[in-house]
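**Student:** The structure file protein.cif (mmCIF, C-alpha atoms and all ligand atoms; chains and numbers go by the auth columns) is provided below.
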data_coords
#
loop_
_atom_site.group_PDB
_atom_site.id
_atom_site.type_symbol
_atom_site.label_atom_id
_atom_site.label_comp_id
_atom_site.label_asym_id
_atom_site.label_seq_id
_atom_site.Cartn_x
_atom_site.Cartn_y
_atom_site.Cartn_z
_atom_site.B_iso_or_equiv
_atom_site.auth_seq_id
_atom_site.auth_asym_id
ATOM 1 C CA MET A 1 0.000 0.000 0.000 0.00 90 R
ATOM 2 C CA ASN A 2 1.280 3.473 -0.865 0.00 91 R
ATOM 3 C CA THR A 3 1.251 6.220 1.743 0.00 92 R
ATOM 4 C CA SER A 4 0.359 9.687 0.409 0.00 93 R
ATOM 5 C CA VAL A 5 3.425 11.884 -0.027 0.00 94 R
ATOM 6 C CA VAL A 6 3.728 15.593 -0.848 0.00 95 R
ATOM 7 C CA THR A 7 7.230 16.870 -1.676 0.00 96 R
ATOM 8 C CA ILE A 8 8.326 20.511 -1.581 0.00 97 R
ATOM 9 C CA ASP A 9 11.776 21.049 -3.062 0.00 98 R
ATOM 10 C CA GLY A 10 13.644 24.228 -3.835 0.00 99 R
ATOM 11 C CA PRO A 11 16.612 26.395 -2.952 0.00 100 R
ATOM 12 C CA SER A 12 17.360 27.748 0.482 0.00 101 R
ATOM 13 C CA GLY A 13 15.098 30.585 1.627 0.00 102 R
ATOM 14 C CA ALA A 14 12.284 29.913 -0.846 0.00 103 R
ATOM 15 C CA GLY A 15 9.936 29.248 2.077 0.00 104 R
ATOM 16 C CA LYS A 16 9.749 25.451 1.768 0.00 105 R
ATOM 17 C CA GLY A 17 9.955 24.766 5.496 0.00 106 R
ATOM 18 C CA THR A 18 7.143 27.134 6.473 0.00 107 R
ATOM 19 C CA VAL A 19 4.883 25.971 3.659 0.00 108 R
ATOM 20 C CA ALA A 20 5.617 22.286 4.397 0.00 109 R
ATOM 21 C CA ARG A 21 4.783 22.799 8.089 0.00 110 R
ATOM 22 C CA ASN A 22 1.500 24.511 7.273 0.00 111 R
ATOM 23 C CA ILE A 23 0.436 21.892 4.753 0.00 112 R
ATOM 24 C CA ALA A 24 1.425 18.987 7.033 0.00 113 R
ATOM 25 C CA TYR A 25 -0.641 20.571 9.792 0.00 114 R
ATOM 26 C CA GLU A 26 -3.673 21.031 7.545 0.00 115 R
ATOM 27 C CA LEU A 27 -3.525 17.512 6.108 0.00 116 R
ATOM 28 C CA ASP A 28 -2.626 16.037 9.498 0.00 117 R
ATOM 29 C CA PHE A 29 0.383 14.388 7.830 0.00 118 R
ATOM 30 C CA HIS A 30 3.861 13.777 9.257 0.00 119 R
ATOM 31 C CA LEU A 31 6.580 16.264 8.426 0.00 120 R
ATOM 32 C CA LEU A 32 10.079 15.569 7.111 0.00 121 R
ATOM 33 C CA ASP A 33 12.603 18.427 7.159 0.00 122 R
ATOM 34 C CA SER A 34 15.296 16.644 5.157 0.00 123 R
ATOM 35 C CA GLY A 35 17.623 19.667 5.299 0.00 124 R
ATOM 36 C CA ALA A 36 17.774 19.225 9.096 0.00 125 R
ATOM 37 C CA ILE A 37 19.187 15.718 8.607 0.00 126 R
ATOM 38 C CA TYR A 38 21.995 17.078 6.425 0.00 127 R
ATOM 39 C CA ARG A 39 22.521 19.888 8.933 0.00 128 R
ATOM 40 C CA ILE A 40 22.820 17.382 11.808 0.00 129 R
ATOM 41 C CA LEU A 41 25.397 15.442 9.808 0.00 130 R
ATOM 42 C CA GLY A 42 27.303 18.641 8.954 0.00 131 R
ATOM 43 C CA LEU A 43 27.333 19.677 12.619 0.00 132 R
ATOM 44 C CA ALA A 44 28.423 16.201 13.762 0.00 133 R
ATOM 45 C CA ALA A 45 31.255 16.240 11.191 0.00 134 R
ATOM 46 C CA ILE A 46 32.510 19.574 12.538 0.00 135 R
ATOM 47 C CA GLU A 47 32.240 18.426 16.162 0.00 136 R
ATOM 48 C CA GLN A 48 34.002 15.124 15.479 0.00 137 R
ATOM 49 C CA GLY A 49 36.676 16.672 13.264 0.00 138 R
ATOM 50 C CA ILE A 50 35.758 14.694 10.148 0.00 139 R
ATOM 51 C CA ALA A 51 36.891 16.511 6.985 0.00 140 R
ATOM 52 C CA PHE A 52 34.298 17.261 4.292 0.00 141 R
ATOM 53 C CA ASP A 53 36.407 15.437 1.704 0.00 142 R
ATOM 54 C CA ASP A 54 36.659 12.296 3.879 0.00 143 R
ATOM 55 C CA PHE A 55 33.870 10.520 2.010 0.00 144 R
ATOM 56 C CA GLY A 56 34.312 7.201 3.882 0.00 145 R
ATOM 57 C CA GLY A 57 34.363 8.876 7.301 0.00 146 R
ATOM 58 C CA LEU A 58 31.250 10.909 6.515 0.00 147 R
ATOM 59 C CA ALA A 59 29.365 7.878 5.208 0.00 148 R
ATOM 60 C CA ALA A 60 30.233 5.944 8.385 0.00 149 R
ATOM 61 C CA LEU A 61 29.052 8.907 10.447 0.00 150 R
ATOM 62 C CA ALA A 62 25.803 9.094 8.451 0.00 151 R
ATOM 63 C CA ASN A 63 25.181 5.408 9.096 0.00 152 R
ATOM 64 C CA SER A 64 25.844 5.779 12.819 0.00 153 R
ATOM 65 C CA LEU A 65 23.513 8.721 13.522 0.00 154 R
ATOM 66 C CA GLU A 66 20.768 7.838 15.994 0.00 155 R
ATOM 67 C CA LEU A 67 18.000 10.084 14.705 0.00 156 R
ATOM 68 C CA SER A 68 14.390 10.044 15.793 0.00 157 R
ATOM 69 C CA PHE A 69 11.391 11.903 14.436 0.00 158 R
ATOM 70 C CA PRO A 70 8.769 12.623 17.088 0.00 159 R
ATOM 71 C CA TYR A 71 5.409 12.462 15.379 0.00 160 R
ATOM 72 C CA ASP A 72 3.721 15.306 17.083 0.00 161 R
ATOM 73 C CA LYS A 73 2.339 18.399 15.366 0.00 162 R
ATOM 74 C CA LYS A 74 3.792 20.728 17.962 0.00 163 R
ATOM 75 C CA HIS A 75 7.273 19.161 17.945 0.00 164 R
ATOM 76 C CA THR A 76 8.792 19.114 14.496 0.00 165 R
ATOM 77 C CA ASP A 77 12.420 18.891 15.640 0.00 166 R
ATOM 78 C CA ILE A 78 14.498 15.884 14.658 0.00 167 R
ATOM 79 C CA LEU A 79 16.267 14.392 17.679 0.00 168 R
ATOM 80 C CA LEU A 80 19.892 13.235 17.752 0.00 169 R
ATOM 81 C CA ASP A 81 20.416 10.631 20.495 0.00 170 R
ATOM 82 C CA GLY A 82 17.069 11.738 21.880 0.00 171 R
ATOM 83 C CA VAL A 83 18.090 15.407 22.086 0.00 172 R
ATOM 84 C CA PRO A 84 16.463 18.170 19.988 0.00 173 R
ATOM 85 C CA LEU A 85 19.123 20.393 18.382 0.00 174 R
ATOM 86 C CA GLY A 86 16.750 23.209 17.398 0.00 175 R
ATOM 87 C CA GLN A 87 18.528 26.542 16.949 0.00 176 R
ATOM 88 C CA LYS A 88 21.975 24.885 16.984 0.00 177 R
ATOM 89 C CA LEU A 89 21.291 23.865 13.396 0.00 178 R
ATOM 90 C CA ARG A 90 20.118 27.284 12.222 0.00 179 R
ATOM 91 C CA ASN A 91 23.264 29.211 11.389 0.00 180 R
ATOM 92 C CA GLN A 92 25.422 29.819 8.330 0.00 181 R
ATOM 93 C CA VAL A 93 28.311 27.583 9.454 0.00 182 R
ATOM 94 C CA VAL A 94 26.050 24.554 9.827 0.00 183 R
ATOM 95 C CA ALA A 95 24.147 25.363 6.608 0.00 184 R
ATOM 96 C CA ASP A 96 27.429 25.476 4.708 0.00 185 R
ATOM 97 C CA ALA A 97 28.607 22.202 6.316 0.00 186 R
ATOM 98 C CA ALA A 98 25.289 20.553 5.383 0.00 187 R
ATOM 99 C CA SER A 99 25.663 21.596 1.761 0.00 188 R
ATOM 100 C CA LYS A 100 29.254 20.251 1.701 0.00 189 R
ATOM 101 C CA VAL A 101 28.476 16.832 3.211 0.00 190 R
ATOM 102 C CA ALA A 102 25.482 16.580 0.855 0.00 191 R
ATOM 103 C CA VAL A 103 27.670 16.262 -2.268 0.00 192 R
ATOM 104 C CA ASN A 104 28.913 12.866 -1.024 0.00 193 R
ATOM 105 C CA PRO A 105 27.059 10.021 -2.861 0.00 194 R
ATOM 106 C CA SER A 106 27.639 7.525 -0.005 0.00 195 R
ATOM 107 C CA VAL A 107 26.151 9.981 2.474 0.00 196 R
ATOM 108 C CA ARG A 108 23.087 10.490 0.282 0.00 197 R
ATOM 109 C CA LYS A 109 22.663 6.721 -0.053 0.00 198 R
ATOM 110 C CA ALA A 110 22.979 6.247 3.713 0.00 199 R
ATOM 111 C CA LEU A 111 20.300 8.894 4.348 0.00 200 R
ATOM 112 C CA MET A 112 17.903 7.711 1.642 0.00 201 R
ATOM 113 C CA ASP A 113 16.293 4.790 3.531 0.00 202 R
ATOM 114 C CA LEU A 114 16.017 6.882 6.661 0.00 203 R
ATOM 115 C CA GLN A 115 13.997 9.474 4.733 0.00 204 R
ATOM 116 C CA ARG A 116 11.836 6.889 2.958 0.00 205 R
ATOM 117 C CA ARG A 117 10.975 5.254 6.283 0.00 206 R
ATOM 118 C CA GLN A 118 9.257 8.484 7.340 0.00 207 R
ATOM 119 C CA ALA A 119 6.507 7.927 4.752 0.00 208 R
ATOM 120 C CA ILE A 120 3.979 6.347 7.090 0.00 209 R
ATOM 121 C CA GLU A 121 0.221 6.708 7.536 0.00 210 R
ATOM 122 C CA PRO A 122 -1.666 8.973 7.359 0.00 211 R
ATOM 123 C CA GLY A 123 0.879 10.580 4.998 0.00 212 R
ATOM 124 C CA LEU A 124 4.006 12.693 4.725 0.00 213 R
ATOM 125 C CA VAL A 125 4.896 16.214 3.662 0.00 214 R
ATOM 126 C CA GLY A 126 8.640 16.565 3.100 0.00 215 R
ATOM 127 C CA ASP A 127 10.833 19.458 2.064 0.00 216 R
ATOM 128 C CA GLY A 128 14.341 19.402 0.635 0.00 217 R
ATOM 129 C CA ARG A 129 16.275 19.408 -2.630 0.00 218 R
ATOM 130 C CA ASP A 130 15.766 15.952 -4.145 0.00 219 R
ATOM 131 C CA LEU A 131 12.606 14.601 -2.513 0.00 220 R
ATOM 132 C CA GLY A 132 10.531 14.743 -5.701 0.00 221 R
ATOM 133 C CA THR A 133 13.326 13.624 -8.011 0.00 222 R
ATOM 134 C CA ILE A 134 15.139 10.896 -6.043 0.00 223 R
ATOM 135 C CA VAL A 135 13.744 10.084 -2.603 0.00 224 R
ATOM 136 C CA PHE A 136 10.022 9.966 -3.449 0.00 225 R
ATOM 137 C CA PRO A 137 9.817 9.814 -7.269 0.00 226 R
ATOM 138 C CA ASN A 138 6.225 8.508 -7.010 0.00 227 R
ATOM 139 C CA ALA A 139 4.980 11.253 -4.682 0.00 228 R
ATOM 140 C CA ASP A 140 1.301 12.190 -5.113 0.00 229 R
ATOM 141 C CA LEU A 141 2.110 15.892 -5.386 0.00 230 R
ATOM 142 C CA LYS A 142 5.431 17.567 -6.118 0.00 231 R
ATOM 143 C CA ILE A 143 6.055 21.268 -5.640 0.00 232 R
ATOM 144 C CA PHE A 144 9.208 23.143 -6.628 0.00 233 R
ATOM 145 C CA LEU A 145 9.260 26.367 -4.662 0.00 234 R
ATOM 146 C CA ASP A 146 11.585 29.037 -6.007 0.00 235 R
ATOM 147 C CA ALA A 147 12.286 32.755 -5.466 0.00 236 R
ATOM 148 C CA SER A 148 14.914 35.221 -6.623 0.00 237 R
ATOM 149 C CA VAL A 149 18.218 34.979 -4.766 0.00 238 R
ATOM 150 C CA GLU A 150 17.825 38.570 -3.487 0.00 239 R
ATOM 151 C CA VAL A 151 14.417 37.854 -1.953 0.00 240 R
ATOM 152 C CA ARG A 152 15.671 34.607 -0.419 0.00 241 R
ATOM 153 C CA ALA A 153 18.735 36.315 1.059 0.00 242 R
ATOM 154 C CA GLU A 154 16.551 39.029 2.612 0.00 243 R
ATOM 155 C CA ARG A 155 14.260 36.405 4.168 0.00 244 R
ATOM 156 C CA ARG A 156 17.205 34.443 5.551 0.00 245 R
ATOM 157 C CA TYR A 157 18.742 37.674 6.892 0.00 246 R
ATOM 158 C CA LEU A 158 15.559 38.601 8.765 0.00 247 R
ATOM 159 C CA GLU A 159 15.200 35.054 10.097 0.00 248 R
ATOM 160 C CA LEU A 160 18.746 35.022 11.500 0.00 249 R
ATOM 161 C CA ILE A 161 18.444 38.544 12.940 0.00 250 R
ATOM 162 C CA ASP A 162 15.147 37.500 14.492 0.00 251 R
ATOM 163 C CA SER A 163 16.848 34.586 16.232 0.00 252 R
ATOM 164 C CA GLY A 164 19.397 36.983 17.743 0.00 253 R
ATOM 165 C CA GLN A 165 22.344 36.326 15.414 0.00 254 R
ATOM 166 C CA ILE A 166 24.603 39.105 14.185 0.00 255 R
ATOM 167 C CA VAL A 167 24.935 38.727 10.426 0.00 256 R
ATOM 168 C CA GLU A 168 25.588 40.904 7.390 0.00 257 R
ATOM 169 C CA ARG A 169 23.183 41.104 4.476 0.00 258 R
ATOM 170 C CA SER A 170 25.954 40.931 1.875 0.00 259 R
ATOM 171 C CA ALA A 171 27.508 37.857 3.535 0.00 260 R
ATOM 172 C CA ILE A 172 24.134 36.074 3.546 0.00 261 R
ATOM 173 C CA LEU A 173 23.641 36.802 -0.159 0.00 262 R
ATOM 174 C CA ARG A 174 27.143 35.566 -0.995 0.00 263 R
ATOM 175 C CA ASP A 175 26.747 32.369 1.094 0.00 264 R
ATOM 176 C CA LEU A 176 23.394 31.671 -0.527 0.00 265 R
ATOM 177 C CA GLU A 177 24.807 32.083 -4.028 0.00 266 R
ATOM 178 C CA ILE A 178 27.709 29.732 -3.270 0.00 267 R
ATOM 179 C CA ARG A 179 25.379 27.171 -1.700 0.00 268 R
ATOM 180 C CA ASP A 180 22.955 27.453 -4.651 0.00 269 R
ATOM 181 C CA ILE A 181 25.721 26.690 -7.140 0.00 270 R
ATOM 182 C CA ARG A 182 26.979 23.740 -5.068 0.00 271 R
ATOM 183 C CA ASP A 183 23.459 22.300 -4.594 0.00 272 R
ATOM 184 C CA ARG A 184 22.481 22.783 -8.261 0.00 273 R
ATOM 185 C CA THR A 185 25.661 21.488 -9.879 0.00 274 R
ATOM 186 C CA ARG A 186 26.640 18.502 -7.723 0.00 275 R
ATOM 187 C CA GLU A 187 26.818 15.200 -9.573 0.00 276 R
ATOM 188 C CA VAL A 188 24.419 13.260 -7.371 0.00 277 R
ATOM 189 C CA ALA A 189 20.845 14.443 -6.804 0.00 278 R
ATOM 190 C CA PRO A 190 21.343 18.068 -7.888 0.00 279 R
ATOM 191 C CA LEU A 191 18.657 20.610 -7.106 0.00 280 R
ATOM 192 C CA VAL A 192 16.338 20.549 -10.136 0.00 281 R
ATOM 193 C CA PRO A 193 12.544 20.505 -10.398 0.00 282 R
ATOM 194 C CA ALA A 194 11.115 17.026 -11.007 0.00 283 R
ATOM 195 C CA HIS A 195 9.640 16.812 -14.525 0.00 284 R
ATOM 196 C CA ASP A 196 6.182 16.483 -12.971 0.00 285 R
ATOM 197 C CA ALA A 197 6.580 19.169 -10.292 0.00 286 R
ATOM 198 C CA TYR A 198 4.430 22.299 -10.039 0.00 287 R
ATOM 199 C CA VAL A 199 6.832 25.217 -10.016 0.00 288 R
ATOM 200 C CA ILE A 200 5.798 28.130 -7.803 0.00 289 R
ATOM 201 C CA ASP A 201 7.800 31.363 -7.648 0.00 290 R
ATOM 202 C CA SER A 202 7.276 32.860 -4.195 0.00 291 R
ATOM 203 C CA SER A 203 9.301 36.061 -4.832 0.00 292 R
ATOM 204 C CA GLU A 204 6.200 38.246 -4.885 0.00 293 R
ATOM 205 C CA LYS A 205 3.924 36.072 -2.754 0.00 294 R
ATOM 206 C CA THR A 206 3.190 35.895 0.935 0.00 295 R
ATOM 207 C CA VAL A 207 3.416 32.604 2.823 0.00 296 R
ATOM 208 C CA ALA A 208 -0.393 32.600 3.076 0.00 297 R
ATOM 209 C CA GLU A 209 -0.713 32.930 -0.715 0.00 298 R
ATOM 210 C CA VAL A 210 1.700 30.072 -1.381 0.00 299 R
ATOM 211 C CA VAL A 211 -0.007 27.877 1.221 0.00 300 R
ATOM 212 C CA MET A 212 -3.371 28.599 -0.423 0.00 301 R
ATOM 213 C CA GLU A 213 -1.983 27.642 -3.824 0.00 302 R
ATOM 214 C CA VAL A 214 -0.492 24.376 -2.499 0.00 303 R
ATOM 215 C CA ARG A 215 -3.727 23.634 -0.616 0.00 304 R
ATOM 216 C CA GLY A 216 -5.588 23.970 -3.922 0.00 305 R
ATOM 217 C CA LEU A 217 -3.213 21.510 -5.570 0.00 306 R
ATOM 218 C CA CYS A 218 -3.662 19.088 -2.652 0.00 307 R
ATOM 219 C CA LYS A 219 -7.430 19.304 -3.136 0.00 308 R
ATOM 220 C CA ALA A 220 -7.072 18.667 -6.856 0.00 309 R
ATOM 221 C CA LYS A 221 -5.100 15.512 -5.986 0.00 310 R
ATOM 222 C CA CYS A 222 -7.782 14.484 -3.461 0.00 311 R
ATOM 223 C CA LEU A 223 -5.325 14.709 -0.557 0.00 312 R
ATOM 224 C CA VAL A 224 -7.636 16.937 1.497 0.00 313 R
HETATM 225 O O1 LIG B . 17.035 23.075 3.472 0.00 1 N
HETATM 226 P P1 LIG B . 18.283 23.438 4.252 0.00 1 N
HETATM 227 O O2 LIG B . 18.766 24.818 3.968 0.00 1 N
HETATM 228 O O3 LIG B . 18.132 23.161 5.718 0.00 1 N
HETATM 229 O O4 LIG B . 19.412 22.405 3.708 0.00 1 N
HETATM 230 C C1 LIG B . 20.777 22.516 4.084 0.00 1 N
HETATM 231 C C2 LIG B . 21.646 21.847 3.022 0.00 1 N
HETATM 232 O O5 LIG B . 21.397 20.435 3.028 0.00 1 N
HETATM 233 C C3 LIG B . 21.410 22.285 1.581 0.00 1 N
HETATM 234 O O6 LIG B . 22.226 23.383 1.219 0.00 1 N
HETATM 235 C C4 LIG B . 21.742 21.057 0.767 0.00 1 N
HETATM 236 C C5 LIG B . 21.486 19.910 1.720 0.00 1 N
HETATM 237 N N1 LIG B . 20.241 19.180 1.405 0.00 1 N
HETATM 238 C C6 LIG B . 20.298 18.240 0.388 0.00 1 N
HETATM 239 O O7 LIG B . 21.330 18.079 -0.253 0.00 1 N
HETATM 240 N N2 LIG B . 19.197 17.481 0.117 0.00 1 N
HETATM 241 C C7 LIG B . 18.055 17.654 0.785 0.00 1 N
HETATM 242 N N3 LIG B . 16.994 16.887 0.486 0.00 1 N
HETATM 243 C C8 LIG B . 17.966 18.640 1.797 0.00 1 N
HETATM 244 C C9 LIG B . 19.080 19.397 2.080 0.00 1 N
#
Could you render the structure from this file as structure tokens?
**Tutor:**
Amino acid sequence: MNTSVVTIDGPSGAGKGTVARNIAYELDFHLLDSGAIYRILGLAAIEQGIAFDDFGGLAALANSLELSFPYDKKHTDILLDGVPLGQKLRNQVVADAASKVAVNPSVRKALMDLQRRQAIEPGLVGDGRDLGTIVFPNADLKIFLDASVEVRAERRYLELIDSGQIVERSAILRDLEIRDIRDRTREVAPLVPAHDAYVIDSSEKTVAEVVMEVRGLCKAKCLV
């Protein structure tokens, strides 16, 4: 039997996480923040002194991570060894580390089953880079959420400032551009829209407008 799956892929700062959370809540589906898994791995690599070009070491680390996904609408954190990492994952250093470990094919393979196992009843909404193309190619609904790099950088800037971090606008834009290129041009599972994805540009839209649009698509697919 196939569990219903909605995938929301796109570049950093397009609003995937917020939209995915809203849609998961409305459909009463589980939520998979796949970027958080790569962030946890990136953070663990830094803490354990494993170099980003040590493909074997990173794959072994990926296979050893004890991650759990509490299925509770109010708690969307992924736990490492039972501990929520929350804000520890939300900074530029960890984002950059996540993007670097994510180019490793063995890492992606190690994390694939873990992500697929999250597709359980009553359904799953997941956001990431390759969920519609690689992880859930048979998803019921695939969204590719995009926005101009300037708009995404501004959103990320406000988010980080809001969480009390001291960051520079220009540095955020530069980091985002570098990360975009790395994510879009890597050999394995690059960031591209699935051929059957609905592409939404959120540059000029509010979160509420995007959520409404995705809700409409969910209805059209009889997911609501
Ligand atoms: O969505 P995010 O910004 O939390 O993701 C951090 C990095 O993780 C992103 O730059 C690339 C990587 N990633 C990936 O390669 N595949 C995914 N499905 C999700 C994230």
**Student:** Looking at all atoms listed in the file, which of R:Arg268, R:Arg245, R:Arg206, R:Arg263 is the one that sits closest to ligand LIG 1 (chain N)?
**Tutor:** R:Arg268
**Student:** Could you tell me, as a PyMOL selection string, which residues have any atom at most 10 Å from (14.8, 19.3, -3.7), counting all atoms listed in the file?
**Tutor:** chain R and resi 96-101+105+123-124+215-224+231-234+272-273+278-283
**Student:** Rounded to one decimal place, report the atom CA of R:Phe144-atom CA of R:Leu156 distance in Å.
**Tutor:**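 Rounded to one decimal, the two atoms are 20.3 Å apart.
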**Student:** Name all residues at most 9 Å from R:Val300 (count all atoms listed in the file; drop same-chain ones fewer than 2 positions away) and give them as a VMD selection string.
**Tutor:** chain R and resid 107 to 109 111 to 112 295 to 298 302 to 305
**Student:** Got a sec to check which residues sit within 9 Å of (28.4, 12.5, -2.5), counting only C-alpha atoms, and write them as a PyMOL selection string?
**Tutor:** chain R and resi 144+189-198+275-278
**Student:** When the PyMOL selection byres (((chain R and resi 238) around 12) and not hetatm) is applied to the structure above, which residues does it catch, written out as a count of residues only?
**Tutor:** 30
**Student:** Apply the PyMOL selection byres (((chain R and resi 173-183) around 9) and not hetatm) to the displayed file and report the matching residues as a PyMOL selection string.
**Tutor:** chain R and resi 125+128-129+131-132+135+166-172+184-188+249+252+254+261+264
**Student:** Would you mind exporting the chosen residues as a PDB file, in the coordinates of the input, restricted to C-alpha atoms?
**Tutor:**
ATOM      1  CA  ALA R 125      17.774  19.225   9.096  1.00  0.00           C
ATOM      2  CA  ARG R 128      22.521  19.888   8.933  1.00  0.00           C
ATOM      3  CA  ILE R 129      22.820  17.382  11.808  1.00  0.00           C
ATOM      4  CA  GLY R 131      27.303  18.641   8.954  1.00  0.00           C
ATOM      5  CA  LEU R 132      27.333  19.677  12.619  1.00  0.00           C
ATOM      6  CA  ILE R 135      32.510  19.574  12.538  1.00  0.00           C
ATOM      7  CA  ASP R 166      12.420  18.891  15.640  1.00  0.00           C
ATOM      8  CA  ILE R 167      14.498  15.884  14.658  1.00  0.00           C
ATOM      9  CA  LEU R 168      16.267  14.392  17.679  1.00  0.00           C
ATOM     10  CA  LEU R 169      19.892  13.235  17.752  1.00  0.00           C
ATOM     11  CA  ASP R 170      20.416  10.631  20.495  1.00  0.00           C
ATOM     12  CA  GLY R 171      17.069  11.738  21.880  1.00  0.00           C
ATOM     13  CA  VAL R 172      18.090  15.407  22.086  1.00  0.00           C
ATOM     14  CA  ALA R 184      24.147  25.363   6.608  1.00  0.00           C
ATOM     15  CA  ASP R 185      27.429  25.476   4.708  1.00  0.00           C
ATOM     16  CA  ALA R 186      28.607  22.202   6.316  1.00  0.00           C
ATOM     17  CA  ALA R 187      25.289  20.553   5.383  1.00  0.00           C
ATOM     18  CA  SER R 188      25.663  21.596   1.761  1.00  0.00           C
ATOM     19  CA  LEU R 249      18.746  35.022  11.500  1.00  0.00           C
ATOM     20  CA  SER R 252      16.848  34.586  16.232  1.00  0.00           C
ATOM     21  CA  GLN R 254      22.344  36.326  15.414  1.00  0.00           C
ATOM     22  CA  ILE R 261      24.134  36.074   3.546  1.00  0.00           C
ATOM     23  CA  ASP R 264      26.747  32.369   1.094  1.00  0.00           C
TER      24      ASP R 264
END
**Student:** What is the distance between atom C8 of ligand LIG 1 (chain N) and atom CA of R:Leu130, in Å to one decimal?
**Tutor:**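 So the answer is 11.4 Å.
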**Student:** Please report the interatomic distance between atom CA of R:Leu230 and atom CA of R:Asn91 in Å with one decimal.
**Tutor:**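 Pair atom CA of R:Leu230 / atom CA of R:Asn91 returns 13.2 Å.
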**Student:** Choose the residue, out of R:Arg271, R:Asp143, R:Glu248, R:Pro211, that has the smallest atom-to-atom separation from ligand LIG 1 (chain N); count all atoms listed in the file.
**Tutor:**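 Ranking R:Arg271, R:Asp143, R:Glu248, R:Pro211 by distance to ligand LIG 1 (chain N), first place goes to R:Arg271.
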**Student:** Just need the box for ligand LIG 1 (chain N), edges along x, y and z, holding every atom the file lists for it with 8 Å tacked onto each side, so centre and edge lengths in Å to one decimal, as AutoDock Vina command-line options.
**Tutor:**
--center_x 19.6 --center_y 20.9 --center_z 2.7 --size_x 21.2 --size_y 23.9 --size_z 22.0
**Student:** Nearest to ligand LIG 1 (chain N): which of R:Val256, R:Leu120, R:Met201, R:Ala134 is it, counting all atoms listed in the file?
**Tutor:** R:Met201
**Student:** Have a look at R:Tyr287, R:Phe225, R:Tyr127, R:Phe141 and name the one nearest to ligand LIG 1 (chain N); count all atoms listed in the file.
**Tutor:**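 Selected residue with least distance to ligand LIG 1 (chain N): R:Tyr127.
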**Student:** Between R:Ile139, R:Leu203, R:Leu116, R:Ala149, which has the minimum distance to ligand LIG 1 (chain N) (counting only C-alpha atoms and all ligand atoms)?
**Tutor:**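 Selected residue with least distance to ligand LIG 1 (chain N): R:Leu203.
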**Student:** Taking N, CA and C atoms as the atom set, what does stretch 138-150 of chain R look like once completed, written as a PDB file, in the frame of the given file?
**Tutor:**
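For reference, part.pdb as written:
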ATOM      1  N   GLY R 138      35.449  16.425  14.019  1.00  0.00           N
ATOM      2  CA  GLY R 138      36.676  16.672  13.264  1.00  0.00           C
ATOM      3  C   GLY R 138      36.815  15.818  12.013  1.00  0.00           C
ATOM      4  N   ILE R 139      35.699  15.481  11.388  1.00  0.00           N
ATOM      5  CA  ILE R 139      35.758  14.694  10.148  1.00  0.00           C
ATOM      6  C   ILE R 139      35.749  15.660   8.960  1.00  0.00           C
ATOM      7  N   ALA R 140      36.755  15.566   8.101  1.00  0.00           N
ATOM      8  CA  ALA R 140      36.891  16.511   6.985  1.00  0.00           C
ATOM      9  C   ALA R 140      35.781  16.281   5.956  1.00  0.00           C
ATOM     10  N   PHE R 141      35.388  17.372   5.267  1.00  0.00           N
ATOM     11  CA  PHE R 141      34.298  17.261   4.292  1.00  0.00           C
ATOM     12  C   PHE R 141      34.696  16.433   3.070  1.00  0.00           C
ATOM     13  N   ASP R 142      36.004  16.271   2.850  1.00  0.00           N
ATOM     14  CA  ASP R 142      36.407  15.437   1.704  1.00  0.00           C
ATOM     15  C   ASP R 142      36.722  13.999   2.134  1.00  0.00           C
ATOM     16  N   ASP R 143      36.479  13.671   3.404  1.00  0.00           N
ATOM     17  CA  ASP R 143      36.659  12.296   3.879  1.00  0.00           C
ATOM     18  C   ASP R 143      35.341  11.549   3.644  1.00  0.00           C
ATOM     19  N   PHE R 144      35.157  11.114   2.389  1.00  0.00           N
ATOM     20  CA  PHE R 144      33.870  10.520   2.010  1.00  0.00           C
ATOM     21  C   PHE R 144      33.521   9.290   2.848  1.00  0.00           C
ATOM     22  N   GLY R 145      34.548   8.424   3.096  1.00  0.00           N
ATOM     23  CA  GLY R 145      34.312   7.201   3.882  1.00  0.00           C
ATOM     24  C   GLY R 145      33.905   7.545   5.307  1.00  0.00           C
ATOM     25  N   GLY R 146      34.638   8.477   5.913  1.00  0.00           N
ATOM     26  CA  GLY R 146      34.363   8.876   7.301  1.00  0.00           C
ATOM     27  C   GLY R 146      32.975   9.469   7.439  1.00  0.00           C
ATOM     28  N   LEU R 147      32.580  10.277   6.459  1.00  0.00           N
ATOM     29  CA  LEU R 147      31.250  10.909   6.515  1.00  0.00           C
ATOM     30  C   LEU R 147      30.135   9.878   6.330  1.00  0.00           C
ATOM     31  N   ALA R 148      30.384   8.917   5.431  1.00  0.00           N
ATOM     32  CA  ALA R 148      29.365   7.878   5.208  1.00  0.00           C
ATOM     33  C   ALA R 148      29.178   7.047   6.475  1.00  0.00           C
ATOM     34  N   ALA R 149      30.312   6.723   7.135  1.00  0.00           N
ATOM     35  CA  ALA R 149      30.233   5.944   8.385  1.00  0.00           C
ATOM     36  C   ALA R 149      29.475   6.748   9.440  1.00  0.00           C
ATOM     37  N   LEU R 150      29.749   8.045   9.485  1.00  0.00           N
ATOM     38  CA  LEU R 150      29.052   8.907  10.447  1.00  0.00           C
ATOM     39  C   LEU R 150      27.547   8.937  10.139  1.00  0.00           C
TER      40      LEU R 150
END
